[in-house]
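**Student:** Following this line is coords-v5.cif, made up of mmCIF, C-alpha atoms:
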```
data_entry
loop_
_atom_site.label_atom_id
_atom_site.label_comp_id
_atom_site.auth_asym_id
_atom_site.auth_seq_id
_atom_site.Cartn_x
_atom_site.Cartn_y
_atom_site.Cartn_z
CA MET A 1 116.43 91.10 76.49
CA VAL A 2 114.74 92.87 73.59
CA LEU A 3 118.07 94.44 72.67
CA LEU A 4 119.67 90.99 72.61
CA LEU A 5 116.87 89.77 70.33
CA TYR A 6 117.46 92.61 67.87
CA ILE A 7 121.21 91.91 67.88
CA TYR A 8 120.52 88.23 67.21
CA LEU A 9 118.18 89.00 64.31
CA ALA A 10 120.70 91.45 62.86
CA SER A 11 123.38 88.77 62.99
CA LEU A 12 121.08 86.38 61.14
CA LEU A 13 120.54 88.98 58.42
CA CYS A 14 124.28 89.46 58.06
CA VAL A 15 124.79 85.72 57.70
CA ALA A 16 121.98 85.47 55.15
CA SER A 17 123.45 88.24 53.00
CA ALA A 18 126.61 86.17 52.61
CA ASN A 19 124.89 83.58 50.39
CA VAL A 20 121.87 85.40 48.99
CA GLU A 21 121.79 87.81 46.05
CA LYS A 22 118.71 89.34 44.48
CA THR A 23 117.30 91.84 42.03
CA ILE A 24 113.98 93.69 42.36
CA PHE A 25 111.98 94.77 39.32
CA ILE A 26 108.51 95.76 38.13
CA ALA A 27 106.96 93.52 35.50
CA PRO A 28 106.76 95.23 32.10
CA SER A 29 103.70 95.62 29.94
CA ALA A 30 102.50 92.57 28.06
CA VAL A 31 103.93 92.06 24.58
CA THR A 32 102.61 89.93 21.75
CA LEU A 33 104.48 86.65 21.42
CA PRO A 34 104.16 84.74 18.15
CA ALA A 35 102.99 81.17 18.77
CA LYS A 36 105.48 78.39 18.07
CA ASP A 37 108.17 80.95 17.31
CA PRO A 38 111.55 79.20 16.95
CA ALA A 39 113.19 82.28 18.45
CA PHE A 40 111.71 81.23 21.82
CA ASP A 41 110.66 77.59 21.61
CA ASP A 42 114.08 76.36 20.47
CA LEU A 43 116.13 78.30 23.04
CA GLY A 44 115.81 75.59 25.67
CA LEU A 45 115.91 78.15 28.50
CA GLU A 46 114.64 77.17 31.93
CA ARG A 47 111.42 79.06 32.70
CA LEU A 48 110.16 80.64 35.91
CA SER A 49 106.65 81.92 36.58
CA PRO A 50 104.61 82.92 39.67
CA SER A 51 103.03 79.44 39.67
CA ASN A 52 106.39 77.71 39.25
CA GLY A 53 108.74 80.08 41.03
CA MET A 54 111.63 77.94 42.28
CA LEU A 55 114.37 76.18 40.38
CA ARG A 56 117.27 74.20 41.86
CA THR A 57 120.14 74.06 39.43
CA HIS A 58 123.92 74.05 38.99
CA LEU A 59 125.31 77.34 37.69
CA ASN A 60 128.59 77.45 35.81
CA ALA A 61 131.08 79.92 37.27
CA SER A 62 134.54 81.17 36.36
CA PHE A 63 137.15 83.62 37.53
CA PRO A 64 136.69 87.13 36.09
CA THR A 65 138.63 87.95 32.94
CA VAL A 66 138.99 91.01 30.73
CA SER A 67 136.28 89.77 28.37
CA GLU A 68 134.06 88.32 31.13
CA SER A 69 134.45 90.69 34.07
CA GLN A 70 131.44 89.21 35.88
CA GLY A 71 132.21 85.56 35.25
CA THR A 72 130.03 83.08 33.37
CA ASP A 73 126.49 83.96 32.28
CA SER A 74 123.38 81.81 32.60
CA TRP A 75 120.05 82.80 31.06
CA TYR A 76 116.46 82.16 32.17
CA PHE A 77 113.01 83.13 30.92
CA LEU A 78 110.45 84.75 33.26
CA GLU A 79 106.86 84.44 32.03
CA ASN A 80 103.23 84.91 33.10
CA LEU A 81 104.11 88.03 35.09
CA SER A 82 101.48 90.59 36.12
CA PRO A 83 102.26 93.94 34.45
CA GLY A 84 103.04 96.65 36.99
CA GLN A 85 103.58 94.23 39.88
CA ARG A 86 106.82 94.23 41.82
CA TYR A 87 108.86 91.03 41.91
CA GLU A 88 112.23 89.92 43.11
CA VAL A 89 114.47 87.13 41.92
CA ARG A 90 116.66 85.64 44.63
CA ILE A 91 119.52 83.25 44.23
CA CYS A 92 120.60 81.22 47.26
CA TRP A 93 123.75 79.13 47.29
CA LEU A 94 126.00 77.28 49.71
CA ALA A 95 128.42 79.39 51.73
CA THR A 96 131.04 76.71 51.07
CA GLN A 97 131.12 77.83 47.41
CA PRO A 98 132.24 81.49 47.51
CA THR A 99 130.75 83.14 44.43
CA ALA A 100 129.89 86.69 43.40
CA PHE A 101 126.56 86.76 41.57
CA THR A 102 125.16 89.58 39.44
CA LEU A 103 121.49 89.44 38.41
CA SER A 104 120.08 91.48 35.52
CA THR A 105 116.70 91.50 33.77
CA TYR A 106 115.91 92.53 30.19
CA THR A 107 112.67 93.07 28.34
CA LEU A 108 111.99 91.40 25.01
CA PRO A 109 112.50 94.65 23.01
CA GLU A 110 115.84 95.23 24.76
CA ILE A 111 117.01 91.75 23.76
CA LEU A 112 115.89 92.13 20.15
CA GLU A 113 117.49 95.57 19.81
CA ASP A 114 120.86 94.60 21.32
CA ARG A 115 122.83 92.20 19.15
CA ALA A 116 125.31 91.50 21.94
CA LEU A 117 122.55 90.30 24.28
CA LEU A 118 120.88 88.27 21.55
CA SER A 119 124.20 86.67 20.68
CA ALA A 120 124.89 85.87 24.35
CA ILE A 121 121.53 84.12 24.69
CA SER A 122 122.11 82.17 21.48
CA LEU A 123 125.55 81.00 22.62
CA TYR A 124 124.23 79.96 26.03
CA SER A 125 121.28 78.17 24.44
CA SER A 126 123.54 76.31 22.02
CA SER A 127 125.84 75.15 24.81
CA GLN A 128 122.91 73.99 26.94
CA LEU A 129 121.24 72.09 24.12
CA ALA A 130 124.52 70.45 23.14
CA ALA A 131 125.23 69.33 26.72
CA SER A 132 121.73 67.99 27.40
CA PRO A 133 120.36 64.63 26.23
CA PRO A 134 117.37 64.88 23.85
CA GLN A 135 114.83 63.94 26.53
CA ALA A 136 116.18 66.59 28.95
CA VAL A 137 115.80 69.54 26.58
CA THR A 138 113.29 72.06 27.83
CA THR A 139 110.06 71.77 25.86
CA PRO A 140 107.81 74.70 25.00
CA ILE A 141 105.36 75.49 27.78
CA ARG A 142 101.81 76.50 26.95
CA ARG A 143 100.67 79.68 28.63
CA GLY A 144 97.69 79.18 30.88
CA ASP A 145 95.07 76.67 29.73
CA ARG A 146 95.36 77.40 26.05
CA SER A 147 94.29 74.60 23.75
CA ALA A 148 96.26 73.28 20.79
CA VAL A 149 94.16 75.49 18.49
CA ALA A 150 94.78 78.53 20.66
CA ASP A 151 98.50 77.77 20.68
CA SER A 152 98.57 78.50 16.96
CA GLU A 153 97.53 82.08 17.66
CA PRO A 154 99.73 84.90 18.98
CA SER A 155 99.42 85.59 22.72
CA ALA A 156 100.19 88.56 24.95
CA ASP A 157 102.31 88.02 28.03
CA SER A 158 104.52 89.99 30.39
CA VAL A 159 107.94 88.38 30.07
CA LEU A 160 111.55 89.10 30.96
CA PHE A 161 114.92 87.53 30.31
CA LEU A 162 117.04 86.95 33.42
CA ARG A 163 120.82 86.88 33.25
CA ILE A 164 122.79 85.44 36.18
CA SER A 165 126.53 86.11 36.09
CA ALA A 166 128.63 83.92 38.39
CA ALA A 167 132.22 84.84 39.25
CA ALA A 168 134.34 82.62 41.48
CA ASP A 169 135.31 84.53 44.63
CA TYR A 170 137.94 82.42 46.35
CA PHE A 171 141.62 81.49 46.41
CA SER A 172 142.83 77.95 46.98
CA LEU A 173 146.16 76.16 47.14
CA ASP A 174 144.47 73.37 45.21
CA GLN A 175 145.58 73.98 41.64
CA THR A 176 142.64 72.00 40.28
CA LEU A 177 140.12 74.36 41.93
CA MET A 178 141.97 77.36 40.56
CA GLU A 179 142.03 75.99 37.02
CA LYS A 180 138.51 74.59 36.89
CA VAL A 181 135.75 76.20 38.96
CA PRO A 182 133.09 73.63 39.96
CA PRO A 183 129.42 74.40 39.19
CA VAL A 184 127.58 76.16 42.01
CA LEU A 185 124.48 74.48 43.45
CA ALA A 186 121.87 77.21 43.81
CA ASP A 187 118.15 77.89 44.14
CA VAL A 188 116.71 80.52 41.81
CA ILE A 189 113.46 81.92 43.24
CA LEU A 190 110.90 84.23 41.62
CA ASP A 191 108.95 85.94 44.41
CA PRO A 192 106.01 88.36 43.90
CA PHE A 193 105.48 91.25 46.32
CA LEU A 194 102.22 91.53 48.26
CA GLY A 195 100.83 94.97 47.55
CA ASN A 196 104.16 95.79 45.90
CA VAL A 197 105.56 96.15 49.44
CA PHE A 198 106.68 92.81 50.90
CA PRO A 199 107.91 89.54 49.32
CA LYS A 200 105.20 86.88 49.55
CA SER A 201 107.51 84.05 50.60
CA LEU A 202 108.84 86.05 53.56
CA VAL A 203 105.41 86.60 55.15
CA PRO A 204 105.67 83.50 57.41
CA THR A 205 109.13 84.60 58.55
CA ALA A 206 107.89 88.13 59.28
CA CYS A 207 104.97 86.72 61.29
CA TRP A 208 107.32 84.50 63.28
CA VAL A 209 109.69 87.39 64.02
CA SER A 210 106.73 89.57 65.09
CA VAL A 211 105.46 86.88 67.48
CA VAL A 212 108.93 86.40 68.98
CA ALA A 213 109.35 90.17 69.38
CA CYS A 214 105.95 90.53 71.10
CA VAL A 215 106.68 87.65 73.49
CA SER A 216 110.12 89.11 74.23
CA ILE A 217 108.60 92.50 75.07
CA ILE A 218 106.06 90.90 77.42
CA VAL A 219 108.73 88.82 79.16
CA ALA A 220 111.04 91.84 79.41
CA ARG A 221 108.30 93.93 81.05
CA TRP A 222 107.51 91.12 83.49
CA ILE A 223 111.16 90.78 84.47
CA SER A 224 111.46 94.56 84.77
CA ARG A 225 108.46 94.76 87.13
CA ASP A 226 109.83 91.95 89.33
CA PHE A 227 113.22 93.61 89.41
CA MET A 228 111.76 96.99 90.42
CA ARG A 229 109.60 95.26 93.07
CA ALA A 230 112.70 93.61 94.52
CA VAL A 231 114.60 96.92 94.54
CA ASN A 232 111.72 98.74 96.27
CA SER A 233 111.38 96.03 98.93
CA THR A 234 115.11 96.29 99.64
CA ASP A 235 114.84 100.07 100.04
CA ILE A 236 112.00 99.63 102.55
CA ARG A 237 113.96 97.15 104.70
CA ASN A 238 117.11 99.26 104.86
CA PRO A 239 115.70 102.03 107.19
CA GLN A 240 114.44 99.37 109.64
CA ASP A 241 117.88 97.75 109.74
CA VAL A 242 119.42 101.15 110.50
CA LYS A 243 117.06 101.77 113.45
CA LYS A 244 117.80 98.33 114.95
CA GLY A 245 121.48 99.03 114.76
CA GLN A 246 121.04 102.26 116.71
#
```
Could you quickly redo this structure as structure tokens?
**Tutor:**
Amino acid sequence: MVLLLYIYLASLLCVASANVEKTIFIAPSAVTLPAKDPAFDDLGLERLSPSNGMLRTHLNASFPTVSESQGTDSWYFLENLSPGQRYEVRICWLATQPTAFTLSTYTLPEILEDRALLSAISLYSSSQLAASPPQAVTTPIRRGDRSAVADSEPSADSVLFLRISAAADYFSLDQTLMEKVPPVLADVILDPFLGNVFPKSLVPTACWVSVVACVSIIVARWISRDFMRAVNSTDIRNPQDVKKGQ
């Protein structure tokens, strides 16, 4: 019975891997961020932080090309991280939308030093701002409980830029689907590790699996004892039956 449980759990993990992709990283050291810097406040990037770690969104995807081998890029800003702590970013999407995702993280110095990355963020930001109505544009978020006066001063924060590349991974006889890939509904989740060992959001699942495993072991031992008792009682009766036959 325990073996069947392990096989069942393994099958669940295989199914989960079909529509979950993730990247694991260690938060970098804090860097000084100029307050009200247009380079960040006007980007309009969606932000994720440990206190606001889940975002449901539609990600643009496309078939891979020579210039875009990993599909279409989407950019996000990770902030208020704890330097030296391990995190993972997971993306979960519907299995009915076959897509190959690639997740990459970049520090602020890496972005500023690489013109290609900086240009990619600028292009994505421009397209997002142009497609969004004025009231839907992401507004600058104050870090912590800083006051308006404190917002005018530079602040130190551990931040990262997250790039999600989405490549369509299907073939269809529907010409419309082949020419225009629909946006992919997905959840983007920032998850800190407890003790840099285990993702925080998976603790309840791990506890549930442990309880089920313990109960299964107890039930398996109980069934095994009853089975052995039945076998032993059968062995005891057999010699008596032989004597009666004689």
**Student:** Please enumerate the residues selected by the PyMOL selection byres ((chain A and resi 190) around 6) when evaluated against the supplied file, formatted as a list of chain:residue names.
**Tutor:** A:Gly53, A:Val89, A:Ile189, A:Asp191
**Student:** Pick out the closest residue to A:Leu162 from this set: A:Leu48, A:Ala213, A:Ala116, A:Val31. Count only C-alpha atoms.
**Tutor:**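 Among the listed residues, A:Leu48 lies closest to A:Leu162.
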**Student:** Between A:Val203, A:Leu118, A:Leu81, A:Ala30, single out the one closest to A:Ser51, counting all atoms listed in the file.
**Tutor:** A:Leu81
**Student:** Figure out the distance between atom CA of A:Ala61 and atom CA of A:Thr176, please, to one decimal in Å.
**Tutor:**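 Distance reported for this atom pair: 14.3 Å.
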**Student:** Decode the PyMOL selection byres ((chain A and resi 78) around 9) for the given file into explicit residues and return them as a list in words.
**Tutor:**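 Output from the PyMOL selection byres ((chain A and resi 78) around 9), applied to this file: Glu46, Arg47, Leu48, Ser49, Pro50, Tyr76, Phe77, Glu79, Asn80, Leu81, Ser158, Val159, Leu160, Phe161, Leu162 and Leu190 of chain A.
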**Student:** Counting all atoms listed in the file, what are the residues of stretch 23-141 of chain A within 9 Å of stretch 164-172 of chain A, and for each of them which pair of atoms is the nearest and at what distance in Å, to one decimal? Sort the table by chain and rising number, as a Markdown table.
**Tutor:**
```
| residue | atom | partner | partner_atom | distance |
| --- | --- | --- | --- | --- |
| A:Leu59 | CA | A:Ala166 | CA | 7.4 |
| A:Asn60 | CA | A:Ala166 | CA | 7.0 |
| A:Ala61 | CA | A:Ala166 | CA | 4.8 |
| A:Ser62 | CA | A:Ala167 | CA | 5.2 |
| A:Phe63 | CA | A:Ala168 | CA | 4.9 |
| A:Pro64 | CA | A:Ala167 | CA | 5.9 |
| A:Ser69 | CA | A:Ala167 | CA | 8.1 |
| A:Gln70 | CA | A:Ala167 | CA | 5.6 |
| A:Gly71 | CA | A:Ala167 | CA | 4.1 |
| A:Thr72 | CA | A:Ala166 | CA | 5.3 |
| A:Asp73 | CA | A:Ser165 | CA | 4.4 |
| A:Ser74 | CA | A:Ile164 | CA | 5.1 |
| A:Trp75 | CA | A:Ile164 | CA | 6.4 |
| A:Tyr76 | CA | A:Ile164 | CA | 8.2 |
| A:Ile91 | CA | A:Ile164 | CA | 9.0 |
| A:Gln97 | CA | A:Ala168 | CA | 8.3 |
| A:Pro98 | CA | A:Asp169 | CA | 5.2 |
| A:Thr99 | CA | A:Ala168 | CA | 4.7 |
| A:Ala100 | CA | A:Ala167 | CA | 5.1 |
| A:Phe101 | CA | A:Ala166 | CA | 4.7 |
| A:Thr102 | CA | A:Ser165 | CA | 5.0 |
| A:Leu103 | CA | A:Ile164 | CA | 4.8 |
| A:Ser104 | CA | A:Ile164 | CA | 6.7 |
| A:Thr105 | CA | A:Ile164 | CA | 8.9 |
```
**Student:** Please return stretch 205-237 of chain A, rebuilt to N, CA and C atoms, as a short mmCIF file (atom, residue, chain, number, x, y, z; two decimals), in the frame of the given file.
**Tutor:**
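See out_39.cif below for the written result:
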```
data_model
loop_
_atom_site.label_atom_id
_atom_site.label_comp_id
_atom_site.auth_asym_id
_atom_site.auth_seq_id
_atom_site.Cartn_x
_atom_site.Cartn_y
_atom_site.Cartn_z
N THR A 205 107.98 84.20 57.73
CA THR A 205 109.13 84.60 58.55
C THR A 205 108.86 85.89 59.30
N ALA A 206 108.22 86.86 58.63
CA ALA A 206 107.89 88.13 59.28
C ALA A 206 106.91 87.91 60.43
N CYS A 207 105.93 87.02 60.23
CA CYS A 207 104.97 86.72 61.29
C CYS A 207 105.67 86.09 62.49
N TRP A 208 106.59 85.16 62.20
CA TRP A 208 107.32 84.50 63.28
C TRP A 208 108.17 85.49 64.06
N VAL A 209 108.86 86.38 63.35
CA VAL A 209 109.69 87.39 64.02
C VAL A 209 108.82 88.31 64.86
N SER A 210 107.63 88.69 64.34
CA SER A 210 106.73 89.57 65.09
C SER A 210 106.26 88.90 66.38
N VAL A 211 105.91 87.61 66.29
CA VAL A 211 105.46 86.88 67.48
C VAL A 211 106.58 86.81 68.51
N VAL A 212 107.79 86.48 68.06
CA VAL A 212 108.93 86.40 68.98
C VAL A 212 109.20 87.75 69.62
N ALA A 213 109.11 88.83 68.84
CA ALA A 213 109.35 90.17 69.38
C ALA A 213 108.30 90.54 70.42
N CYS A 214 107.02 90.22 70.15
CA CYS A 214 105.95 90.53 71.10
C CYS A 214 106.14 89.75 72.40
N VAL A 215 106.45 88.47 72.29
CA VAL A 215 106.68 87.65 73.49
C VAL A 215 107.87 88.17 74.28
N SER A 216 108.92 88.59 73.56
CA SER A 216 110.12 89.11 74.23
C SER A 216 109.80 90.39 74.99
N ILE A 217 108.97 91.25 74.40
CA ILE A 217 108.60 92.50 75.07
C ILE A 217 107.81 92.20 76.34
N ILE A 218 106.86 91.26 76.25
CA ILE A 218 106.06 90.90 77.42
C ILE A 218 106.93 90.33 78.53
N VAL A 219 107.83 89.41 78.16
CA VAL A 219 108.73 88.82 79.16
C VAL A 219 109.65 89.87 79.76
N ALA A 220 110.15 90.79 78.91
CA ALA A 220 111.04 91.84 79.41
C ALA A 220 110.33 92.74 80.40
N ARG A 221 109.06 93.09 80.12
CA ARG A 221 108.30 93.93 81.05
C ARG A 221 108.05 93.20 82.37
N TRP A 222 107.75 91.91 82.28
CA TRP A 222 107.51 91.12 83.49
C TRP A 222 108.76 91.05 84.35
N ILE A 223 109.90 90.81 83.73
CA ILE A 223 111.16 90.78 84.47
C ILE A 223 111.48 92.14 85.06
N SER A 224 111.19 93.21 84.29
CA SER A 224 111.46 94.56 84.77
C SER A 224 110.62 94.89 86.00
N ARG A 225 109.33 94.49 85.98
CA ARG A 225 108.46 94.76 87.13
C ARG A 225 108.94 94.00 88.37
N ASP A 226 109.33 92.72 88.19
CA ASP A 226 109.83 91.95 89.33
C ASP A 226 111.12 92.54 89.87
N PHE A 227 111.96 93.01 88.98
CA PHE A 227 113.22 93.61 89.41
C PHE A 227 112.97 94.88 90.21
N MET A 228 112.07 95.74 89.72
CA MET A 228 111.76 96.99 90.42
C MET A 228 111.09 96.69 91.76
N ARG A 229 110.25 95.64 91.81
CA ARG A 229 109.60 95.26 93.07
C ARG A 229 110.65 94.82 94.08
N ALA A 230 111.64 94.06 93.61
CA ALA A 230 112.70 93.61 94.52
C ALA A 230 113.54 94.78 95.01
N VAL A 231 113.82 95.74 94.14
CA VAL A 231 114.60 96.92 94.54
C VAL A 231 113.84 97.74 95.56
N ASN A 232 112.53 97.94 95.34
CA ASN A 232 111.72 98.74 96.27
C ASN A 232 111.63 98.07 97.63
N SER A 233 111.46 96.74 97.64
CA SER A 233 111.38 96.03 98.93
C SER A 233 112.70 96.13 99.69
N THR A 234 113.80 96.14 98.99
CA THR A 234 115.11 96.29 99.64
C THR A 234 115.26 97.67 100.24
N ASP A 235 114.77 98.70 99.53
CA ASP A 235 114.84 100.07 100.04
C ASP A 235 114.00 100.24 101.30
N ILE A 236 112.87 99.51 101.38
CA ILE A 236 112.00 99.63 102.55
C ILE A 236 112.65 98.97 103.77
N ARG A 237 113.34 97.86 103.59
CA ARG A 237 113.96 97.15 104.70
C ARG A 237 115.17 97.89 105.25
#
```
